[in-house]
Every structure is written in C-alpha cells, then in structure tokens.
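S.K.: Could you have a look at this structure, given as structure tokens, before my questions?
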Amino acid sequence: MTDTLFSTREVPWMKMGKLAQTVQTAGEAAVLGGLDFTVSKRPMWYGDTDDTMSAVPSTRAHGRVAIVRNDTDVMLGIMSADYHVLQFGDAFDFMDQINPNFVAAGCLKDGSQGFMVVEGPDVDVVDDPHKFYIVLRTSHDGSRAVEVSVMPLRNMCMNQLTLSSMTVDAPARWAIKHTSSMKGKLADAHMSLQNVQQYADRYAGTAQRLMHTSVTGEQADHILKIVLPDRPKRDDQITAIIDRWHTSETVGFDWSGWGLLNAVSDYFEWGRAGGTPESRFVGALQGSTHAAINKTAAQLLLV
C-alpha cells in the first residue's frame, strides 16, 4: 500500500464526525461530535379534528410521551411513559474505563440516533493488515438500544469489512445494558474488548482460509449471481466486480476467495454512484453492503 494512492478514500464516519483532536472520554467526544444536547420526555395530547382538519388537543395520552430535544424543541421519537431517558454522552461512557481513543462521533437520522467510533487493535491478517474499530450506537426513538459493533477496516482499500459473527463465542455485534455503577461499566468495557479480540481472531482465520481458496471464473460468476439481486443491471455489476478482482490494486489476491470477497466489498463501498456518508456507514453495518459481503463469504466458504 502507498499512502498517496489511497489517501483520497475516507470511510463514511470520517466525513460524518471525525474528531480533530484525541479524546479519551465519551463526554468529550459528545461535545466535539455535536451529541452533547439533552432530551426530555414531554406529555402528548390528542383530539378530534374539525372540518378544516385542524386538531384540537384535549385528551392526554397517558401511556405515551414525546422525546424532545431541549435545545431545539424538535421531537425525536414517541416512547412509552416509563421509558428511561439516556443521554448520548452517558450511553457510551462505559468505554471510559479502558482509556479509549475516540476518533469519531456524530448524529444519525437527524439526531434521533447517535454514534461514536473508538480505535481498536491492529489485527495480524497475514499479508493484509487491518485496523479494527469499535462502533457504538444508540437512539432516542426506540430503534436501537446501546449497541456495540466491530468494524474491521482493511488498510489496503479502506473497506468496511463487517463480516457477521463466525462463531457463537465471537459476536460481531452485541447490546449493552446501561448501568451507573463503575463496577458495571468496567465489566461492560472489558467484555467488549474481549469480544473484539475473539472476533478478530476468528476474522483472521476466515481471511486466511479464503486467501488459500482458489476460485475459477465460472465459480465467481455463479456466486455473484446468487449474491446480487436479479435486476436489469446485474450483469454490469458482475462485470465491474470481476474487473476489480483481477485488476484493482486496492483489492489484490487475484483468483482467490479473499480477493473476490474484497472485490464485492470494494464495489459496494466505492463503485456505486450516489449515496450519502450516512447511508454508506449504516449500509456497511446492517444494510446492502453488509448483506452482499456476508452472502459472498457464505458462498465462498462452501467452495
């Protein structure tokens, strides 16, 4: 890899909330990433509409509350009345127990979700160095709890290779139950680090296996037809992926399963038009990019 060749590639969270200075607490990251606003529960009212379709609120909805930003009065979600409000800065402070390096923080979905990215370990994938990151997400709209995900970043191409969990004891994503005790926070932080290391070990093993898996052109075409939706432009997508597999310096490992997997990842990350940094970030974690990578890996492991 040459730094100049790939220096123009920035993963989505770098554009969305890269922190310009090193911080080691979730509170500091929240301030720099614009997550330091607070929310509160507000009562909700409803009423009948008249002929002009204008509502006259008259009855309180006792079982539901609005979750509202205190600085802008914008409603971010509707939750049950017993919902426990957890501010973004507090949601991720369990990571403070391990002297972390927060590298990004920001909002998703107009502030209803928040994320932080923590630097993780370098991983020894032979002949293909990686950096692992820990992605923390939660929401004010009930769409997710406090969630931790492992984000492998391949140095050669800056691809977010979010392969799913390889085994039960090496999850790629897990939930954290918020606690206010220092003992509980320390336990959550150490559990998260342990999960990252276990996942990284399995990930490296899978990568090595695919590096030594030879794939023919016919097999590659068959796998990609299984992975990609049967749409009018599928043949063009396959051609673009195969070309990356054989010729791209950012992919490498030509004629191997690892190379084909990275060609798929490279195409979904950098080869498609359109999309925002937010859609690319979420897509790699749980959307179309994540699905394509994992379907490809599943097929290649059968070769």
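To be explicit about the labels: the chains of the structure tokens are called A, B, and onward in the order shown, and within each one the residues are counted from 1, while ligands get numbers from 1 in the order they are shown.
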Applying 12 Å and only C-alpha atoms, which residues near region 291-293 of chain A remain after dropping the ones on its own chain fewer than 2 positions away? List them as a PyMOL selection string.

M.R.: chain A and resi 159-164+223-229+241+257-269+282-289+295-300

S.K.: Keeping C-alpha atoms for every residue in the selection just given, could you write it to a file as a short mmCIF file (atom, residue, chain, number, x, y, z; two decimals), in the first residue's frame?

M.R.:
data_model
loop_
_atom_site.label_atom_id
_atom_site.label_comp_id
_atom_site.auth_asym_id
_atom_site.auth_seq_id
_atom_site.Cartn_x
_atom_site.Cartn_y
_atom_site.Cartn_z
CA ASN A 159 -13.16 -1.09 3.06
CA GLN A 160 -15.51 -1.66 5.98
CA LEU A 161 -15.50 -5.45 6.02
CA THR A 162 -18.28 -6.10 8.50
CA LEU A 163 -18.42 -9.86 8.33
CA SER A 164 -21.01 -11.41 10.62
CA ILE A 223 -21.51 -16.90 -6.69
CA LEU A 224 -22.18 -13.33 -7.78
CA LYS A 225 -25.45 -14.33 -9.46
CA ILE A 226 -26.53 -15.79 -6.11
CA VAL A 227 -25.41 -12.74 -4.13
CA LEU A 228 -26.72 -9.94 -6.34
CA PRO A 229 -30.46 -9.31 -6.88
CA ILE A 241 -16.73 -6.73 -9.62
CA GLY A 257 -11.84 -16.23 -2.39
CA TRP A 258 -10.40 -13.40 -0.31
CA GLY A 259 -9.83 -11.35 -3.43
CA LEU A 260 -13.38 -11.91 -4.68
CA LEU A 261 -14.84 -11.01 -1.29
CA ASN A 262 -12.84 -7.78 -1.28
CA ALA A 263 -13.86 -7.04 -4.87
CA VAL A 264 -17.50 -7.22 -3.78
CA SER A 265 -16.77 -5.02 -0.79
CA ASP A 266 -14.78 -2.57 -2.92
CA TYR A 267 -17.59 -2.29 -5.47
CA PHE A 268 -20.27 -1.66 -2.84
CA GLU A 269 -18.08 0.80 -0.94
CA VAL A 282 -25.30 2.25 8.01
CA GLY A 283 -25.18 0.09 4.88
CA ALA A 284 -21.87 -1.42 5.95
CA LEU A 285 -23.13 -2.10 9.45
CA GLN A 286 -26.50 -3.61 8.61
CA GLY A 287 -27.63 -2.73 5.07
CA SER A 288 -26.99 -3.77 1.48
CA THR A 289 -23.19 -3.66 1.72
CA LYS A 295 -23.64 -13.62 1.31
CA THR A 296 -20.41 -13.71 -0.70
CA ALA A 297 -18.43 -15.02 2.28
CA ALA A 298 -21.01 -17.74 2.94
CA GLN A 299 -20.84 -18.95 -0.66
CA LEU A 300 -17.04 -18.83 -0.78
#

S.K.: Just the alpha helix (DSSP H) stuff from region 54-186 of chain A, please, per backbone DSSP, written as a PyMOL selection string.

M.R.: chain A and resi 88-91+182-186

S.K.: For region 80-91 of chain A, list every protein, DNA or RNA residue within 10 Å, evaluated using only C-alpha atoms, and leave out those in the same chain fewer than 3 positions away; present the list as a VMD selection string.

M.R.: chain A and resid 25 to 31 34 to 44 61 to 67 94 to 95 106 to 107 113 to 116 136 to 140 142 145 to 147 176 to 180

S.K.: Counting only C-alpha atoms, figure out which residue out of A:Val123, A:Phe92, A:Gln237, A:Lys131 gets nearest to Ala175 (chain A).

M.R.: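 Under the stated criterion, the closest residue is A:Phe92.
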
S.K.: How far is it from CA of Ile238 (chain A) to CA of Gly271 (chain A), in Å with one decimal?

M.R.: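 Interatomic distance here is 11.7 Å.
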
S.K.: I need the residues of region 156-281 of chain A that end up classed as strand (DSSP E) by DSSP on the backbone, written out as a PyMOL selection string.

M.R.: chain A and resi 159-160+173-176

S.K.: Residues of the last selection are to be written out with N, CA and C atoms, as an mmCIF file, in the first residue's frame.

M.R.:
data_model
loop_
_atom_site.group_PDB
_atom_site.id
_atom_site.type_symbol
_atom_site.label_atom_id
_atom_site.label_comp_id
_atom_site.auth_asym_id
_atom_site.auth_seq_id
_atom_site.Cartn_x
_atom_site.Cartn_y
_atom_site.Cartn_z
ATOM 1 N N ASN A 159 -11.829 -0.489 3.107
ATOM 2 C CA ASN A 159 -13.158 -1.090 3.055
ATOM 3 C C ASN A 159 -13.619 -1.466 4.449
ATOM 4 N N GLN A 160 -14.902 -1.247 4.722
ATOM 5 C CA GLN A 160 -15.510 -1.657 5.980
ATOM 6 C C GLN A 160 -15.999 -3.098 5.824
ATOM 7 N N ARG A 173 -21.608 -8.088 16.980
ATOM 8 C CA ARG A 173 -22.494 -7.030 17.474
ATOM 9 C C ARG A 173 -23.156 -7.511 18.751
ATOM 10 N N TRP A 174 -23.285 -6.631 19.736
ATOM 11 C CA TRP A 174 -23.937 -7.001 20.974
ATOM 12 C C TRP A 174 -24.507 -5.755 21.642
ATOM 13 N N ALA A 175 -25.405 -5.976 22.591
ATOM 14 C CA ALA A 175 -26.055 -4.875 23.294
ATOM 15 C C ALA A 175 -25.449 -4.697 24.678
ATOM 16 N N ILE A 176 -25.499 -3.461 25.157
ATOM 17 C CA ILE A 176 -25.024 -3.127 26.492
ATOM 18 C C ILE A 176 -26.210 -2.605 27.299
#

S.K.: Which is closer to Asp254 (chain A) than all the others in A:Thr239, A:Thr276, A:Thr213, A:Asn294, using only C-alpha atoms?

M.R.: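 So, comparing all the options, the nearest one is A:Thr213.
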
S.K.: Residues at most 12 Å from Met191 (chain A), counting only C-alpha atoms, excluding those fewer than 4 positions away in the same chain, as a count of residues only?

M.R.: 19

S.K.: Env of Trp13 (chain A): 9 Å cut, atoms = only C-alpha atoms, seq-sep filter 4 positions within chain, self excluded. Answer as a ChimeraX atom specification.

M.R.: /A:17-18,104-106,116-117,277-278,281

S.K.: Please, could you write that set of residues out with N, CA and C atoms as an mmCIF file, in the first residue's frame?

M.R.:
data_model
loop_
_atom_site.group_PDB
_atom_site.id
_atom_site.type_symbol
_atom_site.label_atom_id
_atom_site.label_comp_id
_atom_site.auth_asym_id
_atom_site.auth_seq_id
_atom_site.Cartn_x
_atom_site.Cartn_y
_atom_site.Cartn_z
ATOM 1 N N GLY A 17 -18.166 12.595 11.259
ATOM 2 C CA GLY A 17 -17.892 13.062 12.616
ATOM 3 C C GLY A 17 -16.481 12.810 13.095
ATOM 4 N N LYS A 18 -15.501 12.881 12.187
ATOM 5 C CA LYS A 18 -14.114 12.663 12.586
ATOM 6 C C LYS A 18 -13.695 13.719 13.597
ATOM 7 N N ALA A 104 -14.290 9.353 16.318
ATOM 8 C CA ALA A 104 -15.412 9.957 15.586
ATOM 9 C C ALA A 104 -16.653 9.931 16.468
ATOM 10 N N ALA A 105 -17.536 10.876 16.236
ATOM 11 C CA ALA A 105 -18.820 10.938 16.939
ATOM 12 C C ALA A 105 -19.752 11.818 16.143
ATOM 13 N N GLY A 106 -21.026 11.474 16.140
ATOM 14 C CA GLY A 106 -21.959 12.295 15.385
ATOM 15 C C GLY A 106 -23.376 11.770 15.473
ATOM 16 N N MET A 116 -20.581 6.758 18.133
ATOM 17 C CA MET A 116 -19.181 7.071 18.400
ATOM 18 C C MET A 116 -18.337 5.916 17.874
ATOM 19 N N VAL A 117 -17.121 6.246 17.451
ATOM 20 C CA VAL A 117 -16.190 5.239 16.952
ATOM 21 C C VAL A 117 -14.931 5.293 17.810
ATOM 22 N N PRO A 277 -22.705 9.727 3.050
ATOM 23 C CA PRO A 277 -21.857 9.087 4.057
ATOM 24 C C PRO A 277 -22.666 8.320 5.097
ATOM 25 N N GLU A 278 -23.815 8.874 5.497
ATOM 26 C CA GLU A 278 -24.646 8.172 6.477
ATOM 27 C C GLU A 278 -25.176 6.857 5.924
ATOM 28 N N PHE A 281 -22.357 4.334 5.772
ATOM 29 C CA PHE A 281 -21.986 3.883 7.116
ATOM 30 C C PHE A 281 -22.977 2.843 7.618
#

S.K.: Residues at most 7 Å from Val215 (chain A), counting only C-alpha atoms, excluding those fewer than 3 positions away in the same chain, as a list in words?

M.R.: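 My reading of the contact set: Gln219, Ala220, Trp255, Ser256 and Gly257 of chain A.
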
S.K.: Write out, as a short mmCIF file (atom, residue, chain, number, x, y, z; two decimals), in the first residue's frame, the residues just selected, with C-alpha atoms.

M.R.:
data_model
loop_
_atom_site.label_atom_id
_atom_site.label_comp_id
_atom_site.auth_asym_id
_atom_site.auth_seq_id
_atom_site.Cartn_x
_atom_site.Cartn_y
_atom_site.Cartn_z
CA GLN A 219 -17.39 -20.17 -9.82
CA ALA A 220 -17.10 -16.43 -9.31
CA TRP A 255 -8.22 -15.69 -8.26
CA SER A 256 -8.72 -16.29 -4.55
CA GLY A 257 -11.84 -16.23 -2.39
#
